[in-house]
Amino acid sequence: MIRKLSQELVREIAAGEVISAPVDLIKELFENALDAGASQLEIKLFEAGIEKIIIIDNGSGIKKEELALSLEKHSTSKLESLDAINSLGFRGEGLYAIANSARIAITSRPQKQLGGATVVAENDEISFREHPAKAGTSIEITRLFANLPARRAGLEPKQEELRKITSLLSKYILHYPHIKLKLIVDDKERWNYAGGSFSEAVKFFWGAVSANRLLDLDFADNDYKLLGLISRPELSRPRRDRLLLAVNGRPIVWEERWLKVVFESYKELLPKNQYPVGILNLELPVERVLVNTSPDKTRLRFLDEEKVLRFLKQAISKTLSTHPLAPALPDLTNFEAISPAPNHSFPKLSYIATYQELYILAQADAKLWIIDQHAAHERILYEELTKRYQNEEPIELSHAELIELSADDVEIYLA
Ligand SMILES: Nc1ncnc2c1ncn2[C@@H]1O[C@H](COP(=O)(O)OP(=O)(O)OP(=O)(O)O)[C@@H](O)[C@H]1O
Ligand SMILES: [Mg+2]
């Protein structure tokens, strides 16, 4: 028998497409703040956002007469035409989906409006009041999935939900490095990122070692632009998790054939099964990009794909070729076969020069040796530490030693 679904079920299904975990709420709210031109955000999470999320931005705010409307389905201030989307949001259903999954309280005041207002909504119940408020928008989410027990039960352990949130936020900040972000987890400050360059964001999230081995990408060809950072060959990873792409400000998932173009630009500079690291902010004419292709807005299509890929390849190849680079070490996966004898040593090298403060040039047996100074230094430290680790008893430090960790390292440590 065919019958109409109840209003309640329709709502639940619709909300589920957008919100299935706290990280989805953060994504919707963070994107709204970016669209509102915010330069500063504060996010407070309680129990990994399952109990409460507060997000405060200094963006354009919502007029009091539009606050209630912002929660309705298909209500947006952003979309003019699907052919030219230049904002992160455009469907007008982020807040609607949130209000159908949780209790949401939005307090907002546009800079020029006298006094602010708060709207509180949960399912169909809405309340509204006016009062003094700071400029910008502050949103509080509680009672997530209170009426959807199956979805609440489907949440992953708290640590995992939190990891998804920090991973999403770091990705956004790496693409929008000028944004200041304070993240407070269960009343403890987790991050206080002061905003800055791409390189400063990388230093904050991935550490100084990564930041020092990235090249600036700043390449333009007519109305195509590529900004960000891309790794020197000595910085690579066995996974592709640190190669980030945003198109017109939207962080998106790579298509395999786009990735291939990036890898090809490195040619033999990278060993097999190693991938580059980088942040690629691609800017294209908005009308040549189809954004409305996946419900979570993380995939898109280029109308001129071949041209875009040619541009991408050119931009990365040129950037790599304008810097002195040496290919990385050969692939060591077949380690047994080429492993040197235990007492192996370098031939007696005689020093020739240092090139651009990066490579040591030396010769031995009529062969030129090019040694990456950083890598060699790290190798020496690594071997020293390994020896000490194997031979020495652990010692208790009389004074605590402060070690600075990147945000990503902190997440690994806390996990
Ligand atoms: N933090 C904010 N600051 C200013 N305006 C906001 C903020 N959050 C939401 N809005 C306003 O509320 C409207 C509705 O937001 P909502 O997230 O539901 O839809 P959207 O962002 O337009 O589209 P999408 O569903 O794709 O996210 C927005 O179009 C915007 O005008
Ligand atoms: Mg939105």
# chains A, B, ... in the order shown; residues from 1 in each chain; ligands from 1
>>> residues_around(residues="stretch 144-158 of chain A", least_positions_apart="5", cutoff="6 Å", atoms="only C-alpha atoms", output="PyMOL selection string")
chain A and resi 48+101-102
>>> write_last_selection(atoms="N, CA and C atoms", output="PDB file, in the first residue's frame")
ATOM      1  N   ALA A  48      32.192  16.288  23.275  1.00  0.00           N
ATOM      2  CA  ALA A  48      32.423  16.188  21.822  1.00  0.00           C
ATOM      3  C   ALA A  48      31.264  16.758  21.011  1.00  0.00           C
ATOM      4  N   SER A 101      16.956  18.360  14.372  1.00  0.00           N
ATOM      5  CA  SER A 101      17.756  17.310  15.016  1.00  0.00           C
ATOM      6  C   SER A 101      18.100  17.673  16.455  1.00  0.00           C
ATOM      7  N   ALA A 102      17.853  18.930  16.836  1.00  0.00           N
ATOM      8  CA  ALA A 102      18.334  19.400  18.132  1.00  0.00           C
ATOM      9  C   ALA A 102      17.576  20.660  18.542  1.00  0.00           C
TER      10      ALA A 102
END
>>> select_by_dssp(residues="stretch 205-325 of chain A", states="strand (DSSP E)", output="ChimeraX atom specification")
/A:214-221,224-231,243-247,250-252,278-283,289-290,301-302
>>> residues_around(residues="A:Ala366", least_positions_apart="4", cutoff="12 Å", atoms="only C-alpha atoms", output="number ranges by chain")
A: 347-350, 362
>>> write_last_selection(atoms="N, CA and C atoms", output="CSV table (one decimal), in the first residue's frame")
chain,number,residue,atom,x,y,z
A,347,PRO,N,81.6,6.4,1.8
A,347,PRO,CA,83.0,6.5,1.4
A,347,PRO,C,83.5,7.8,2.0
A,348,LYS,N,84.8,7.9,2.0
A,348,LYS,CA,85.3,9.2,2.5
A,348,LYS,C,84.9,10.4,1.6
A,349,LEU,N,84.1,11.2,2.2
A,349,LEU,CA,83.6,12.3,1.4
A,349,LEU,C,84.4,13.5,1.6
A,350,SER,N,84.7,14.2,0.5
A,350,SER,CA,85.3,15.5,0.7
A,350,SER,C,84.4,16.6,0.3
A,362,ALA,N,79.4,17.1,-2.0
A,362,ALA,CA,80.6,16.5,-1.6
A,362,ALA,C,81.0,15.5,-2.7
>>> select_by_dssp(residues="stretch 175-396 of chain A", states="alpha helix (DSSP H)", output="ChimeraX atom specification")
/A:175,198-206,208-211,256-266,305-321,335-338,373-391
>>> closest_atom_pairs(of="chain A", to="ligand 1", cutoff="7 Å", atoms="only C-alpha atoms and all ligand atoms", output="tab-separated table")
residue	atom	partner	partner_atom_place_in_ligand_line	distance
A:Glu28	CA	ligand 1	27 (O)	5.8
A:Leu29	CA	ligand 1	8 (N)	6.5
A:Asn32	CA	ligand 1	8 (N)	4.5
A:Ala33	CA	ligand 1	1 (N)	4.0
A:Ala36	CA	ligand 1	4 (C)	4.7
A:Asp57	CA	ligand 1	1 (N)	6.4
A:Gly59	CA	ligand 1	3 (N)	5.5
A:Ser60	CA	ligand 1	4 (C)	5.3
A:Gly61	CA	ligand 1	4 (C)	4.1
A:Ile62	CA	ligand 1	5 (N)	4.8
A:Ser70	CA	ligand 1	12 (O)	4.4
A:Leu71	CA	ligand 1	18 (O)	6.0
A:Ser75	CA	ligand 1	14 (C)	5.8
A:Thr76	CA	ligand 1	29 (O)	3.4
A:Ser77	CA	ligand 1	29 (O)	4.0
A:Lys78	CA	ligand 1	29 (O)	5.2
A:Leu88	CA	ligand 1	26 (O)	6.7
A:Gly89	CA	ligand 1	26 (O)	3.3
A:Phe90	CA	ligand 1	26 (O)	3.8
A:Arg91	CA	ligand 1	26 (O)	3.8
A:Gly92	CA	ligand 1	19 (O)	3.3
A:Glu93	CA	ligand 1	25 (O)	3.6
A:Gly94	CA	ligand 1	18 (O)	3.7
A:Leu95	CA	ligand 1	18 (O)	3.7
A:Tyr96	CA	ligand 1	18 (O)	5.6
A:Gly136	CA	ligand 1	3 (N)	6.7
A:Thr137	CA	ligand 1	1 (N)	5.3
>>> closest_residue(among="A:Val247, A:Ile141, A:Ile98, A:Ala415", to="ligand 2", atoms="only C-alpha atoms and all ligand atoms")
A:Ile98
>>> residues_around(residues="A:Phe30", least_positions_apart="3", cutoff="10 Å", atoms="only C-alpha atoms", output="PDB file with N, CA, C and O atoms, in the first residue's frame")
ATOM      1  N   ASP A  24      28.774  17.245  11.610  1.00  0.00           N
ATOM      2  CA  ASP A  24      27.952  17.838  10.541  1.00  0.00           C
ATOM      3  C   ASP A  24      27.395  19.196  10.970  1.00  0.00           C
ATOM      4  O   ASP A  24      27.271  20.114  10.160  1.00  0.00           O
ATOM      5  N   LEU A  25      27.045  19.297  12.257  1.00  0.00           N
ATOM      6  CA  LEU A  25      26.571  20.590  12.774  1.00  0.00           C
ATOM      7  C   LEU A  25      27.691  21.616  12.675  1.00  0.00           C
ATOM      8  O   LEU A  25      27.487  22.748  12.237  1.00  0.00           O
ATOM      9  N   ILE A  26      28.880  21.204  13.101  1.00  0.00           N
ATOM     10  CA  ILE A  26      30.018  22.132  13.074  1.00  0.00           C
ATOM     11  C   ILE A  26      30.262  22.595  11.647  1.00  0.00           C
ATOM     12  O   ILE A  26      30.503  23.765  11.388  1.00  0.00           O
ATOM     13  N   LYS A  27      30.176  21.674  10.707  1.00  0.00           N
ATOM     14  CA  LYS A  27      30.427  22.045   9.303  1.00  0.00           C
ATOM     15  C   LYS A  27      29.410  23.091   8.847  1.00  0.00           C
ATOM     16  O   LYS A  27      29.770  24.127   8.287  1.00  0.00           O
ATOM     17  N   ALA A  33      29.306  30.858   9.180  1.00  0.00           N
ATOM     18  CA  ALA A  33      30.105  31.970   9.716  1.00  0.00           C
ATOM     19  C   ALA A  33      31.070  32.487   8.646  1.00  0.00           C
ATOM     20  O   ALA A  33      31.253  33.700   8.497  1.00  0.00           O
ATOM     21  N   LEU A  34      31.669  31.576   7.885  1.00  0.00           N
ATOM     22  CA  LEU A  34      32.578  32.013   6.810  1.00  0.00           C
ATOM     23  C   LEU A  34      31.813  32.818   5.767  1.00  0.00           C
ATOM     24  O   LEU A  34      32.268  33.874   5.322  1.00  0.00           O
ATOM     25  N   ASP A  35      30.628  32.314   5.387  1.00  0.00           N
ATOM     26  CA  ASP A  35      29.821  33.048   4.408  1.00  0.00           C
ATOM     27  C   ASP A  35      29.446  34.434   4.930  1.00  0.00           C
ATOM     28  O   ASP A  35      29.233  35.362   4.157  1.00  0.00           O
ATOM     29  N   ALA A  36      29.327  34.550   6.259  1.00  0.00           N
ATOM     30  CA  ALA A  36      28.952  35.848   6.845  1.00  0.00           C
ATOM     31  C   ALA A  36      30.175  36.753   7.001  1.00  0.00           C
ATOM     32  O   ALA A  36      30.099  37.809   7.624  1.00  0.00           O
ATOM     33  N   ALA A  38      32.981  36.243   8.688  1.00  0.00           N
ATOM     34  CA  ALA A  38      33.610  36.280  10.013  1.00  0.00           C
ATOM     35  C   ALA A  38      35.124  36.147   9.879  1.00  0.00           C
ATOM     36  O   ALA A  38      35.617  35.446   8.996  1.00  0.00           O
ATOM     37  N   LEU A  41      36.407  33.257  15.246  1.00  0.00           N
ATOM     38  CA  LEU A  41      35.389  32.313  15.724  1.00  0.00           C
ATOM     39  C   LEU A  41      35.811  31.699  17.042  1.00  0.00           C
ATOM     40  O   LEU A  41      36.999  31.478  17.280  1.00  0.00           O
ATOM     41  N   ILE A  43      34.654  28.339  19.339  1.00  0.00           N
ATOM     42  CA  ILE A  43      33.796  27.147  19.364  1.00  0.00           C
ATOM     43  C   ILE A  43      33.985  26.441  20.694  1.00  0.00           C
ATOM     44  O   ILE A  43      35.112  26.185  21.119  1.00  0.00           O
ATOM     45  N   ILE A  55      28.913  28.260  19.155  1.00  0.00           N
ATOM     46  CA  ILE A  55      29.815  28.820  18.146  1.00  0.00           C
ATOM     47  C   ILE A  55      29.508  30.306  17.991  1.00  0.00           C
ATOM     48  O   ILE A  55      28.359  30.694  17.783  1.00  0.00           O
ATOM     49  N   ILE A  56      30.547  31.094  18.202  1.00  0.00           N
ATOM     50  CA  ILE A  56      30.370  32.554  18.210  1.00  0.00           C
ATOM     51  C   ILE A  56      31.204  33.136  17.077  1.00  0.00           C
ATOM     52  O   ILE A  56      32.396  32.821  16.965  1.00  0.00           O
ATOM     53  N   ASP A  57      30.577  33.956  16.235  1.00  0.00           N
ATOM     54  CA  ASP A  57      31.354  34.569  15.155  1.00  0.00           C
ATOM     55  C   ASP A  57      31.186  36.076  15.145  1.00  0.00           C
ATOM     56  O   ASP A  57      30.264  36.617  15.759  1.00  0.00           O
ATOM     57  N   LEU A  88      29.544  29.185   0.454  1.00  0.00           N
ATOM     58  CA  LEU A  88      29.623  27.776   0.846  1.00  0.00           C
ATOM     59  C   LEU A  88      28.220  27.178   0.947  1.00  0.00           C
ATOM     60  O   LEU A  88      27.971  26.051   0.566  1.00  0.00           O
ATOM     61  N   LEU A 168      38.060  18.203  10.814  1.00  0.00           N
ATOM     62  CA  LEU A 168      37.334  19.110   9.911  1.00  0.00           C
ATOM     63  C   LEU A 168      37.784  20.558  10.121  1.00  0.00           C
ATOM     64  O   LEU A 168      38.065  21.292   9.159  1.00  0.00           O
ATOM     65  N   LEU A 169      37.880  20.965  11.389  1.00  0.00           N
ATOM     66  CA  LEU A 169      38.234  22.364  11.655  1.00  0.00           C
ATOM     67  C   LEU A 169      39.644  22.680  11.177  1.00  0.00           C
ATOM     68  O   LEU A 169      39.885  23.739  10.610  1.00  0.00           O
ATOM     69  N   TYR A 172      39.578  23.249   7.466  1.00  0.00           N
ATOM     70  CA  TYR A 172      39.029  24.559   7.084  1.00  0.00           C
ATOM     71  C   TYR A 172      40.026  25.677   7.354  1.00  0.00           C
ATOM     72  O   TYR A 172      40.202  26.574   6.535  1.00  0.00           O
TER      73      TYR A 172
END
>>> residues_around(residues="stretch 253-256 of chain A", least_positions_apart="2", cutoff="6 Å", atoms="only C-alpha atoms", output="VMD selection string")
chain A and resid 258 to 259 298 to 299
>>> write_last_selection(atoms="all heavy atoms", output="PDB file, in the first residue's frame")
ATOM      1  N   TRP A 258      42.088  13.944 -10.828  1.00  0.00           N
ATOM      2  CA  TRP A 258      42.707  15.231 -10.483  1.00  0.00           C
ATOM      3  C   TRP A 258      43.984  14.977  -9.691  1.00  0.00           C
ATOM      4  O   TRP A 258      45.010  15.614  -9.904  1.00  0.00           O
ATOM      5  CB  TRP A 258      41.774  16.114  -9.655  1.00  0.00           C
ATOM      6  CG  TRP A 258      40.420  16.338 -10.222  1.00  0.00           C
ATOM      7  CD1 TRP A 258      39.998  16.049 -11.491  1.00  0.00           C
ATOM      8  CD2 TRP A 258      39.293  16.893  -9.537  1.00  0.00           C
ATOM      9  NE1 TRP A 258      38.685  16.395 -11.631  1.00  0.00           N
ATOM     10  CE2 TRP A 258      38.226  16.912 -10.457  1.00  0.00           C
ATOM     11  CE3 TRP A 258      39.073  17.376  -8.256  1.00  0.00           C
ATOM     12  CZ2 TRP A 258      36.954  17.393 -10.120  1.00  0.00           C
ATOM     13  CZ3 TRP A 258      37.820  17.858  -7.911  1.00  0.00           C
ATOM     14  CH2 TRP A 258      36.778  17.862  -8.850  1.00  0.00           C
ATOM     15  N   LEU A 259      43.880  14.020  -8.748  1.00  0.00           N
ATOM     16  CA  LEU A 259      45.049  13.688  -7.933  1.00  0.00           C
ATOM     17  C   LEU A 259      46.205  13.230  -8.809  1.00  0.00           C
ATOM     18  O   LEU A 259      47.356  13.594  -8.587  1.00  0.00           O
ATOM     19  CB  LEU A 259      44.702  12.531  -6.998  1.00  0.00           C
ATOM     20  CG  LEU A 259      44.186  12.871  -5.610  1.00  0.00           C
ATOM     21  CD1 LEU A 259      43.853  11.590  -4.873  1.00  0.00           C
ATOM     22  CD2 LEU A 259      45.214  13.668  -4.815  1.00  0.00           C
ATOM     23  N   THR A 298      30.542  18.292  -0.906  1.00  0.00           N
ATOM     24  CA  THR A 298      32.002  18.107  -0.861  1.00  0.00           C
ATOM     25  C   THR A 298      32.569  17.617  -2.191  1.00  0.00           C
ATOM     26  O   THR A 298      33.743  17.316  -2.296  1.00  0.00           O
ATOM     27  CB  THR A 298      32.420  17.093   0.225  1.00  0.00           C
ATOM     28  OG1 THR A 298      31.777  15.858  -0.071  1.00  0.00           O
ATOM     29  CG2 THR A 298      32.057  17.567   1.603  1.00  0.00           C
ATOM     30  N   ARG A 299      31.696  17.479  -3.198  1.00  0.00           N
ATOM     31  CA  ARG A 299      32.209  17.110  -4.513  1.00  0.00           C
ATOM     32  C   ARG A 299      31.721  18.146  -5.509  1.00  0.00           C
ATOM     33  O   ARG A 299      30.655  18.741  -5.313  1.00  0.00           O
ATOM     34  CB  ARG A 299      31.698  15.727  -4.925  1.00  0.00           C
ATOM     35  CG  ARG A 299      32.351  14.640  -4.122  1.00  0.00           C
ATOM     36  CD  ARG A 299      31.951  13.272  -4.584  1.00  0.00           C
ATOM     37  NE  ARG A 299      32.602  12.281  -3.757  1.00  0.00           N
ATOM     38  CZ  ARG A 299      33.774  11.728  -4.038  1.00  0.00           C
ATOM     39  NH1 ARG A 299      34.405  12.039  -5.139  1.00  0.00           N
ATOM     40  NH2 ARG A 299      34.316  10.849  -3.229  1.00  0.00           N
TER      41      ARG A 299
END
>>> residues_around(residues="A:Ala121", least_positions_apart="2", cutoff="10 Å", atoms="only C-alpha atoms", output="ChimeraX atom specification")
/A:68,71,96,98-100,102-106,118-119,123-128,141
>>> write_last_selection(atoms="C-alpha atoms", output="mmCIF file, in the first residue's frame")
data_model
loop_
_atom_site.group_PDB
_atom_site.id
_atom_site.type_symbol
_atom_site.label_atom_id
_atom_site.label_comp_id
_atom_site.auth_asym_id
_atom_site.auth_seq_id
_atom_site.Cartn_x
_atom_site.Cartn_y
_atom_site.Cartn_z
ATOM 1 C CA ALA A 68 12.916 33.072 12.480
ATOM 2 C CA LEU A 71 15.365 28.397 10.304
ATOM 3 C CA TYR A 96 16.378 23.889 9.193
ATOM 4 C CA ILE A 98 19.698 21.436 12.710
ATOM 5 C CA ALA A 99 16.391 22.605 14.209
ATOM 6 C CA ASN A 100 14.944 19.207 13.302
ATOM 7 C CA ALA A 102 18.334 19.400 18.132
ATOM 8 C CA ARG A 103 17.434 22.507 20.088
ATOM 9 C CA ILE A 104 19.003 25.569 18.513
ATOM 10 C CA ALA A 105 19.253 29.072 19.979
ATOM 11 C CA ILE A 106 20.531 31.791 17.633
ATOM 12 C CA THR A 118 17.390 35.468 20.047
ATOM 13 C CA VAL A 119 15.322 32.814 18.389
ATOM 14 C CA ASN A 123 11.064 20.935 15.934
ATOM 15 C CA ASP A 124 7.977 23.129 15.488
ATOM 16 C CA GLU A 125 8.316 25.157 18.662
ATOM 17 C CA ILE A 126 9.808 28.582 18.149
ATOM 18 C CA SER A 127 10.303 31.455 20.590
ATOM 19 C CA PHE A 128 11.708 34.913 19.930
ATOM 20 C CA ILE A 141 22.971 23.657 20.103
#
>>> decode(residues="stretch 45-57 of chain A", atoms="C-alpha atoms", output="PDB file, in the first residue's frame")
ATOM      1  CA  LEU A  45      32.230  21.722  22.689  1.00  0.00           C
ATOM      2  CA  PHE A  46      30.815  19.732  25.557  1.00  0.00           C
ATOM      3  CA  GLU A  47      31.075  15.938  25.384  1.00  0.00           C
ATOM      4  CA  ALA A  48      32.423  16.188  21.822  1.00  0.00           C
ATOM      5  CA  GLY A  49      29.476  18.367  20.861  1.00  0.00           C
ATOM      6  CA  ILE A  50      26.935  15.708  21.773  1.00  0.00           C
ATOM      7  CA  GLU A  51      25.759  17.601  24.866  1.00  0.00           C
ATOM      8  CA  LYS A  52      26.329  21.148  23.711  1.00  0.00           C
ATOM      9  CA  ILE A  53      27.950  23.214  20.972  1.00  0.00           C
ATOM     10  CA  ILE A  54      28.431  26.961  21.137  1.00  0.00           C
ATOM     11  CA  ILE A  55      29.815  28.820  18.146  1.00  0.00           C
ATOM     12  CA  ILE A  56      30.370  32.554  18.210  1.00  0.00           C
ATOM     13  CA  ASP A  57      31.354  34.569  15.155  1.00  0.00           C
TER      14      ASP A  57
END
